[in-house]
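Visitor: For reference, the file start.cif (mmCIF, C-alpha atoms) is included below:
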```
data_upload
#
loop_
_atom_site.label_atom_id
_atom_site.label_comp_id
_atom_site.auth_asym_id
_atom_site.auth_seq_id
_atom_site.Cartn_x
_atom_site.Cartn_y
_atom_site.Cartn_z
CA MET I 117 174.32 -20.24 111.79
CA ALA I 118 176.05 -17.34 113.48
CA ALA I 119 174.07 -15.06 115.76
CA LYS I 120 172.91 -11.70 114.44
CA GLN I 121 175.26 -9.92 116.81
CA ASP I 122 178.25 -11.88 115.52
CA ILE I 123 177.29 -11.35 111.90
CA GLU I 124 176.88 -7.61 112.33
CA GLU I 125 179.53 -6.75 114.88
CA GLY I 126 182.03 -9.58 114.54
CA LEU I 127 185.21 -9.91 112.51
CA GLN I 128 184.53 -13.35 111.09
CA PHE I 129 183.82 -13.20 107.37
CA THR I 130 180.71 -15.35 106.95
CA PRO I 131 179.17 -14.31 103.63
CA ARG I 132 175.56 -15.36 103.33
CA PHE I 133 174.85 -16.98 100.02
CA ASP I 134 171.18 -17.15 99.01
CA ASP I 135 169.13 -20.25 98.22
CA ASN I 136 170.87 -20.44 94.86
CA GLY I 137 174.28 -20.23 96.47
CA LEU I 138 174.84 -16.68 95.28
CA ILE I 139 175.77 -13.34 96.82
CA PRO I 140 175.50 -10.03 94.96
CA ALA I 141 178.70 -8.08 94.45
CA ILE I 142 178.98 -4.42 93.49
CA ALA I 143 182.13 -3.44 91.63
CA GLN I 144 183.15 0.11 92.48
CA ASP I 145 186.07 2.01 91.00
CA ALA I 146 188.54 2.31 93.87
CA ASP I 147 189.81 5.65 92.60
CA THR I 148 186.70 7.49 91.42
CA GLY I 149 183.99 5.82 93.51
CA GLN I 150 181.93 5.16 90.40
CA VAL I 151 179.70 2.10 90.64
CA LEU I 152 180.71 0.06 87.62
CA MET I 153 178.50 -3.02 87.63
CA THR I 154 176.81 -5.59 89.79
CA ALA I 155 177.00 -9.34 89.42
CA PHE I 156 176.75 -12.47 91.49
CA MET I 157 179.36 -14.70 93.07
CA ASN I 158 179.07 -18.24 94.31
CA ARG I 159 181.52 -19.58 96.90
CA GLN I 160 183.94 -20.69 94.21
CA ALA I 161 183.92 -17.33 92.45
CA LEU I 162 184.56 -15.54 95.73
CA ASP I 163 187.39 -17.91 96.61
CA ARG I 164 188.98 -17.44 93.21
CA THR I 165 188.64 -13.66 93.51
CA ILE I 166 190.41 -13.70 96.87
CA GLN I 167 193.10 -16.09 95.63
CA THR I 168 193.88 -14.37 92.34
CA GLY I 169 193.19 -10.75 93.26
CA TYR I 170 191.04 -10.35 90.15
CA ALA I 171 187.24 -10.31 90.18
CA THR I 172 185.58 -13.57 89.18
CA TYR I 173 181.80 -13.83 89.10
CA PHE I 174 179.23 -16.53 88.48
CA SER I 175 177.13 -16.15 85.35
CA ARG I 176 173.54 -17.13 85.99
CA SER I 177 172.76 -17.33 82.29
CA ARG I 178 175.79 -19.40 81.36
CA HIS I 179 175.95 -21.28 84.68
CA LYS I 180 179.66 -20.93 85.01
CA LEU I 181 182.41 -18.83 86.50
CA TRP I 182 183.70 -15.90 84.50
CA GLN I 183 186.64 -13.75 85.27
CA LYS I 184 185.62 -10.20 84.41
CA GLY I 185 187.62 -9.22 81.35
CA GLU I 186 188.45 -12.75 80.26
CA GLN I 187 187.18 -11.85 76.78
CA SER I 188 187.70 -8.11 76.69
CA GLY I 189 190.92 -7.88 78.64
CA HIS I 190 189.27 -5.32 80.95
CA LEU I 191 190.14 -7.10 84.18
CA GLN I 192 189.15 -5.82 87.61
CA LYS I 193 192.07 -5.78 90.03
CA VAL I 194 190.55 -6.09 93.48
CA ARG I 195 191.92 -3.68 96.08
CA GLN I 196 189.46 -4.35 98.85
CA ILE I 197 186.40 -6.50 99.53
CA LEU I 198 183.78 -4.90 101.77
CA VAL I 199 180.82 -6.70 103.29
CA ASP I 200 177.62 -5.18 104.61
CA CYS I 201 176.05 -5.42 108.05
CA ASP I 202 174.17 -8.68 107.52
CA GLN I 203 176.90 -10.08 105.27
CA ASP I 204 174.63 -10.72 102.29
CA CYS I 205 176.17 -8.23 99.88
CA LEU I 206 179.73 -7.36 98.84
CA VAL I 207 181.40 -4.25 97.48
CA LEU I 208 184.58 -4.82 95.50
CA LYS I 209 186.83 -1.81 95.28
CA VAL I 210 188.57 -2.38 91.98
CA THR I 211 191.14 -0.80 89.73
CA VAL I 212 190.16 -0.90 86.08
CA ASP I 213 191.10 0.45 82.71
CA ALA I 214 188.50 1.79 80.29
CA GLY I 215 185.26 0.09 79.42
CA GLN I 216 183.72 -2.10 82.07
CA CYS I 217 180.30 -2.46 80.43
CA HIS I 218 179.72 -4.70 77.42
CA VAL I 219 177.64 -1.95 75.76
CA GLY I 220 180.75 0.24 75.47
CA TYR I 221 180.59 2.47 78.52
CA GLN I 222 182.95 2.73 81.47
CA SER I 223 180.11 1.80 83.84
CA CYS I 224 176.92 -0.19 83.29
CA PHE I 225 175.10 2.75 84.89
CA TYR I 226 175.28 5.12 81.92
CA ARG I 227 171.67 6.32 82.01
CA ALA I 228 169.60 8.18 84.58
CA LEU I 229 165.93 8.88 84.94
CA LYS I 230 165.24 12.32 83.52
CA ARG I 231 164.33 14.90 86.14
CA GLY I 232 160.57 15.22 86.41
CA SER I 233 159.90 12.10 84.37
CA THR I 234 158.74 8.67 85.49
CA ASP I 235 159.76 6.75 82.40
CA GLU I 236 162.28 8.67 80.32
CA LEU I 237 166.01 8.15 80.62
CA GLU I 238 168.91 10.32 79.56
CA PHE I 239 172.49 9.33 78.86
CA ILE I 240 174.93 10.52 81.49
CA ALA I 241 178.07 9.11 79.89
CA GLU I 242 179.69 8.55 76.55
CA LYS I 243 181.01 5.31 75.17
CA VAL I 244 184.67 4.72 75.80
CA TYR I 245 185.18 1.87 73.37
CA ASP I 246 183.45 0.07 70.52
CA PRO I 247 182.09 -3.24 71.78
CA ASN I 248 181.76 -4.57 68.24
CA HIS I 249 185.51 -4.64 68.11
CA THR I 250 185.89 -6.43 71.37
CA TYR I 251 183.38 -9.12 72.19
CA LYS I 252 179.78 -9.95 72.89
CA LYS I 253 177.95 -10.21 76.21
CA GLN I 254 179.53 -9.49 79.55
CA CYS I 255 177.60 -7.49 82.13
CA MET W 96 158.92 -7.48 76.41
CA ALA W 97 161.30 -4.92 74.97
CA ALA W 98 164.14 -6.06 72.72
CA LYS W 99 167.65 -6.28 74.15
CA GLN W 100 168.76 -3.41 71.95
CA ASP W 101 165.97 -1.17 73.26
CA ILE W 102 166.62 -2.10 76.87
CA GLU W 103 170.34 -1.42 76.58
CA GLU W 104 170.51 1.49 74.19
CA GLY W 105 167.07 3.07 74.49
CA LEU W 106 165.77 5.92 76.60
CA GLN W 107 162.62 4.22 77.83
CA PHE W 108 162.85 3.42 81.53
CA THR W 109 161.65 -0.19 81.72
CA PRO W 110 162.97 -1.53 85.03
CA ARG W 111 162.98 -5.30 85.15
CA PHE W 112 161.51 -6.60 88.36
CA ASP W 113 162.36 -10.21 89.22
CA ASP W 114 159.96 -13.10 89.79
CA ASN W 115 159.17 -11.66 93.19
CA GLY W 116 158.43 -8.25 91.72
CA LEU W 117 161.63 -6.76 93.10
CA ILE W 118 164.62 -4.85 91.75
CA PRO W 119 167.81 -4.26 93.77
CA ALA W 120 168.73 -0.66 94.48
CA ILE W 121 172.12 0.60 95.63
CA ALA W 122 172.10 3.81 97.64
CA GLN W 123 175.24 5.83 96.99
CA ASP W 124 176.17 9.09 98.68
CA ALA W 125 175.85 11.69 95.92
CA ASP W 126 178.66 13.79 97.39
CA THR W 127 181.25 11.29 98.55
CA GLY W 128 180.50 8.32 96.28
CA GLN W 129 180.34 6.01 99.28
CA VAL W 130 178.07 3.00 98.81
CA LEU W 131 175.71 3.24 101.78
CA MET W 132 173.41 0.26 101.52
CA THR W 133 171.50 -1.99 99.18
CA ALA W 134 167.84 -2.88 99.38
CA PHE W 135 164.97 -3.91 97.14
CA MET W 136 162.15 -1.98 95.56
CA ASN W 137 158.89 -3.19 94.15
CA ARG W 138 157.00 -1.11 91.58
CA GLN W 139 155.15 0.78 94.29
CA ALA W 140 158.31 1.62 96.22
CA LEU W 141 159.96 2.91 93.06
CA ASP W 142 156.92 5.00 92.16
CA ARG W 143 156.80 6.48 95.63
CA THR W 144 160.52 7.23 95.50
CA ILE W 145 160.09 9.08 92.21
CA GLN W 146 157.00 10.92 93.43
CA THR W 147 158.30 12.00 96.82
CA GLY W 148 162.00 12.41 96.06
CA TYR W 149 162.89 10.31 99.11
CA ALA W 150 164.01 6.68 98.95
CA THR W 151 161.33 4.12 99.72
CA TYR W 152 162.15 0.42 99.65
CA PHE W 153 160.28 -2.84 100.05
CA SER W 154 161.11 -4.89 103.11
CA ARG W 155 161.23 -8.58 102.30
CA SER W 156 161.13 -9.54 105.97
CA ARG W 157 158.25 -7.27 106.90
CA HIS W 158 156.52 -7.51 103.50
CA LYS W 159 155.81 -3.83 103.32
CA LEU W 160 157.09 -0.53 102.03
CA TRP W 161 159.43 1.43 104.22
CA GLN W 162 160.70 4.90 103.66
CA LYS W 163 164.36 4.91 104.64
CA GLY W 164 164.61 6.93 107.80
CA GLU W 165 160.96 6.68 108.77
CA GLN W 166 162.05 5.57 112.23
CA SER W 167 165.49 7.10 112.54
CA GLY W 168 164.86 10.35 110.72
CA HIS W 169 167.88 9.60 108.48
CA LEU W 170 166.03 10.08 105.19
CA GLN W 171 167.66 9.67 101.80
CA LYS W 172 166.98 12.59 99.49
CA VAL W 173 167.24 11.21 95.97
CA ARG W 174 169.25 13.34 93.55
CA GLN W 175 169.39 10.92 90.66
CA ILE W 176 168.23 7.42 89.76
CA LEU W 177 170.59 5.46 87.52
CA VAL W 178 169.77 2.19 85.81
CA ASP W 179 172.18 -0.38 84.44
CA CYS W 180 172.52 -1.78 80.95
CA ASP W 181 169.93 -4.54 81.26
CA GLN W 182 167.73 -2.42 83.53
CA ASP W 183 167.65 -4.92 86.38
CA CYS W 184 169.51 -2.85 88.96
CA LEU W 185 169.29 0.75 90.16
CA VAL W 186 171.74 3.16 91.74
CA LEU W 187 170.21 5.95 93.79
CA LYS W 188 172.45 8.96 94.25
CA VAL W 189 171.30 10.29 97.58
CA THR W 190 171.98 13.10 100.01
CA VAL W 191 172.03 11.96 103.60
CA ASP W 192 172.95 13.07 107.06
CA ALA W 193 174.89 10.86 109.45
CA GLY W 194 174.14 7.23 110.14
CA GLN W 195 172.60 5.27 107.31
CA CYS W 196 173.16 1.81 108.81
CA HIS W 197 171.07 0.48 111.69
CA VAL W 198 174.24 -0.82 113.39
CA GLY W 199 175.44 2.75 113.90
CA TYR W 200 177.73 3.39 110.97
CA GLN W 201 177.42 5.86 108.12
CA SER W 202 177.42 3.00 105.60
CA CYS W 203 176.40 -0.64 105.93
CA PHE W 204 179.79 -1.48 104.43
CA TYR W 205 181.91 -0.78 107.50
CA ARG W 206 184.10 -3.90 107.34
CA ALA W 207 186.56 -5.22 104.79
CA LEU W 208 188.29 -8.52 104.33
CA LYS W 209 191.72 -8.27 105.90
CA ARG W 210 194.55 -8.30 103.41
CA GLY W 211 195.95 -11.80 103.00
CA SER W 212 193.07 -13.43 104.84
CA THR W 213 190.16 -15.44 103.52
CA ASP W 214 187.90 -15.17 106.54
CA GLU W 215 188.97 -12.31 108.81
CA LEU W 216 187.42 -8.86 108.62
CA GLU W 217 188.62 -5.52 109.87
CA PHE W 218 186.63 -2.41 110.66
CA ILE W 219 187.18 0.40 108.18
CA ALA W 220 184.86 2.93 109.83
CA GLU W 221 183.75 4.15 113.20
CA LYS W 222 180.21 4.43 114.47
CA VAL W 223 178.62 7.81 113.93
CA TYR W 224 175.65 7.35 116.24
CA ASP W 225 174.34 5.05 118.94
CA PRO W 226 171.59 2.88 117.47
CA ASN W 227 170.30 2.01 120.94
CA HIS W 228 169.17 5.58 121.21
CA THR W 229 167.46 5.62 117.88
CA TYR W 230 165.61 2.49 116.88
CA LYS W 231 165.89 -1.16 115.98
CA LYS W 232 166.24 -2.81 112.58
CA GLN W 233 166.61 -0.94 109.34
CA CYS W 234 169.14 -2.13 106.80
#
```
Re-express the file's structure as structure tokens.
Guide:
Amino acid sequence: MAAKQDIEEGLQFTPRFDDNGLIPAIAQDADTGQVLMTAFMNRQALDRTIQTGYATYFSRSRHKLWQKGEQSGHLQKVRQILVDCDQDCLVLKVTVDAGQCHVGYQSCFYRALKRGSTDELEFIAEKVYDPNHTYKKQC
Amino acid sequence: MAAKQDIEEGLQFTPRFDDNGLIPAIAQDADTGQVLMTAFMNRQALDRTIQTGYATYFSRSRHKLWQKGEQSGHLQKVRQILVDCDQDCLVLKVTVDAGQCHVGYQSCFYRALKRGSTDELEFIAEKVYDPNHTYKKQC
């Protein structure tokens, strides 16, 4: 295993997959900065993402690779892959069209905790497409 | 446990902590949109974050709560807490000063995979402070 100094300050990409062989990846709109979704990658998903230029994740529920948008057509074109200091988390800067969340919103983060409340949310976005016309589960 | 429909479309904040009692939280600069870091919260860390208005996380290595910036002074003032569709991930929109990463950078994501490479990184930021003058481990 690489030394802490090398992991943090070096230029060797040595992503640290967890005990299940997974690393979390945050998809961020390269143009707006909006955080769109988070998902996991295994080594194969990461390799395929790098090779194809389109985000591929590993579904923990379905135990298989899925290219984001394979059902909906809402692919994520990867512009840049960032890694954090200890190389156990990725940020994918992606270019997308409308509707990255399976519920119908552009981002999976379409609700926020209401100011002054500990348990009440409010919507901070509007749906950009009708998921009933597209597909089932994705994010 | 709440129904999928309620979790995804409802306005009740029901964060889903994992088997270890943790939920991942992404700290994002509220002004620039830059993803600064990711960390975990347990219920207590989340409650304290909501109560105080400053980000508190749970350190898996030290097995205790830590308020971001408790050593460095680089606190994260929380403007908004977003939750994703299945309520198992948070985004914290925060206001910060310089230097959120313990290595010395503004963000923990200071390197990107070099274009055309599968294993070589490049720096995409410059250090904004000298961590040797501040403290040891934080992100």
Visitor: Suppose a student applies the PyMOL selection byres ((chain W and resi 128) around 9) to this structure; what residues should they get, written as a list in words?
Guide: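 For this structure, the PyMOL selection byres ((chain W and resi 128) around 9) resolves to Thr148, Gly149, Gln150 and Val151 of chain I; Gln123, Asp124, Ala125, Asp126, Thr127, Gln129, Val130, Leu131 and Lys188 of chain W.
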Visitor: Using the chain letters and numbering of this document, enumerate as number ranges by chain the residues selected by the PyMOL selection byres ((chain W) within 7 of (chain I)).
Guide: W: 106-108, 128-129, 145, 175-180, 203-208, 213-217
Visitor: Write out the residues from the selection above, keeping C-alpha atoms, as a PDB file, keeping the file's coordinate frame.
Guide:
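After the write, again_17.pdb holds the following:
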```pdb
ATOM      1  CA  LEU W 106     165.770   5.920  76.600  1.00  0.00           C
ATOM      2  CA  GLN W 107     162.620   4.220  77.830  1.00  0.00           C
ATOM      3  CA  PHE W 108     162.850   3.420  81.530  1.00  0.00           C
ATOM      4  CA  GLY W 128     180.500   8.320  96.280  1.00  0.00           C
ATOM      5  CA  GLN W 129     180.340   6.010  99.280  1.00  0.00           C
ATOM      6  CA  ILE W 145     160.090   9.080  92.210  1.00  0.00           C
ATOM      7  CA  GLN W 175     169.390  10.920  90.660  1.00  0.00           C
ATOM      8  CA  ILE W 176     168.230   7.420  89.760  1.00  0.00           C
ATOM      9  CA  LEU W 177     170.590   5.460  87.520  1.00  0.00           C
ATOM     10  CA  VAL W 178     169.770   2.190  85.810  1.00  0.00           C
ATOM     11  CA  ASP W 179     172.180  -0.380  84.440  1.00  0.00           C
ATOM     12  CA  CYS W 180     172.520  -1.780  80.950  1.00  0.00           C
ATOM     13  CA  CYS W 203     176.400  -0.640 105.930  1.00  0.00           C
ATOM     14  CA  PHE W 204     179.790  -1.480 104.430  1.00  0.00           C
ATOM     15  CA  TYR W 205     181.910  -0.780 107.500  1.00  0.00           C
ATOM     16  CA  ARG W 206     184.100  -3.900 107.340  1.00  0.00           C
ATOM     17  CA  ALA W 207     186.560  -5.220 104.790  1.00  0.00           C
ATOM     18  CA  LEU W 208     188.290  -8.520 104.330  1.00  0.00           C
ATOM     19  CA  THR W 213     190.160 -15.440 103.520  1.00  0.00           C
ATOM     20  CA  ASP W 214     187.900 -15.170 106.540  1.00  0.00           C
ATOM     21  CA  GLU W 215     188.970 -12.310 108.810  1.00  0.00           C
ATOM     22  CA  LEU W 216     187.420  -8.860 108.620  1.00  0.00           C
ATOM     23  CA  GLU W 217     188.620  -5.520 109.870  1.00  0.00           C
TER      24      GLU W 217
END
```
Visitor: For atom CA of I:Val212 and atom CA of I:Gln187, determine how far apart the two atoms are, in Å to one decimal place.
Guide: 14.7 Å
Visitor: Just the number, please: distance in Å from atom CA of W:His228 to atom CA of W:Gln201, one decimal.
Guide: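 These two atoms are separated by 15.5 Å.
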Visitor: Please compute the atom CA of W:Ile118-atom CA of I:Lys180 distance, one decimal, in Å.
Guide: 23.0 Å
Visitor: Determine the residue set returned by the PyMOL selection byres ((chain I and resi 175) around 10) for the present structure, and present it as a short mmCIF file (atom, residue, chain, number, x, y, z; two decimals) with C-alpha atoms, keeping the file's coordinate frame.
Guide:
```
data_model
loop_
_atom_site.label_atom_id
_atom_site.label_comp_id
_atom_site.auth_asym_id
_atom_site.auth_seq_id
_atom_site.Cartn_x
_atom_site.Cartn_y
_atom_site.Cartn_z
CA ALA I 155 177.00 -9.34 89.42
CA PHE I 156 176.75 -12.47 91.49
CA MET I 157 179.36 -14.70 93.07
CA ASN I 158 179.07 -18.24 94.31
CA ALA I 161 183.92 -17.33 92.45
CA THR I 172 185.58 -13.57 89.18
CA TYR I 173 181.80 -13.83 89.10
CA PHE I 174 179.23 -16.53 88.48
CA ARG I 176 173.54 -17.13 85.99
CA SER I 177 172.76 -17.33 82.29
CA ARG I 178 175.79 -19.40 81.36
CA HIS I 179 175.95 -21.28 84.68
CA LYS I 180 179.66 -20.93 85.01
CA LEU I 181 182.41 -18.83 86.50
CA TRP I 182 183.70 -15.90 84.50
CA GLN I 183 186.64 -13.75 85.27
CA GLN I 254 179.53 -9.49 79.55
CA CYS I 255 177.60 -7.49 82.13
#
```
Visitor: For I:Gly185, please output as a PDB file with C-alpha atoms, in the coordinates of the input all residues within 9 Å (counting only C-alpha atoms; exclusion window: fewer than 5 positions along the same chain).
Guide:
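So selection_31.pdb came out as:
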```pdb
ATOM      1  CA  ALA I 171     187.240 -10.310  90.180  1.00  0.00           C
ATOM      2  CA  HIS I 190     189.270  -5.320  80.950  1.00  0.00           C
ATOM      3  CA  LEU I 191     190.140  -7.100  84.180  1.00  0.00           C
ATOM      4  CA  GLN I 192     189.150  -5.820  87.610  1.00  0.00           C
ATOM      5  CA  GLN I 216     183.720  -2.100  82.070  1.00  0.00           C
ATOM      6  CA  GLN I 254     179.530  -9.490  79.550  1.00  0.00           C
TER       7      GLN I 254
END
```
Visitor: Kindly compute an axis-aligned box around the listed atoms of stretch 125-141 of chain I, allowing 5 Å on each side, and express its centre and edge lengths in Å to one decimal as AutoDock Vina command-line options.
Guide:
```
--center_x 177.2 --center_y -13.6 --center_z 104.7 --size_x 26.1 --size_y 23.7 --size_z 30.4
```
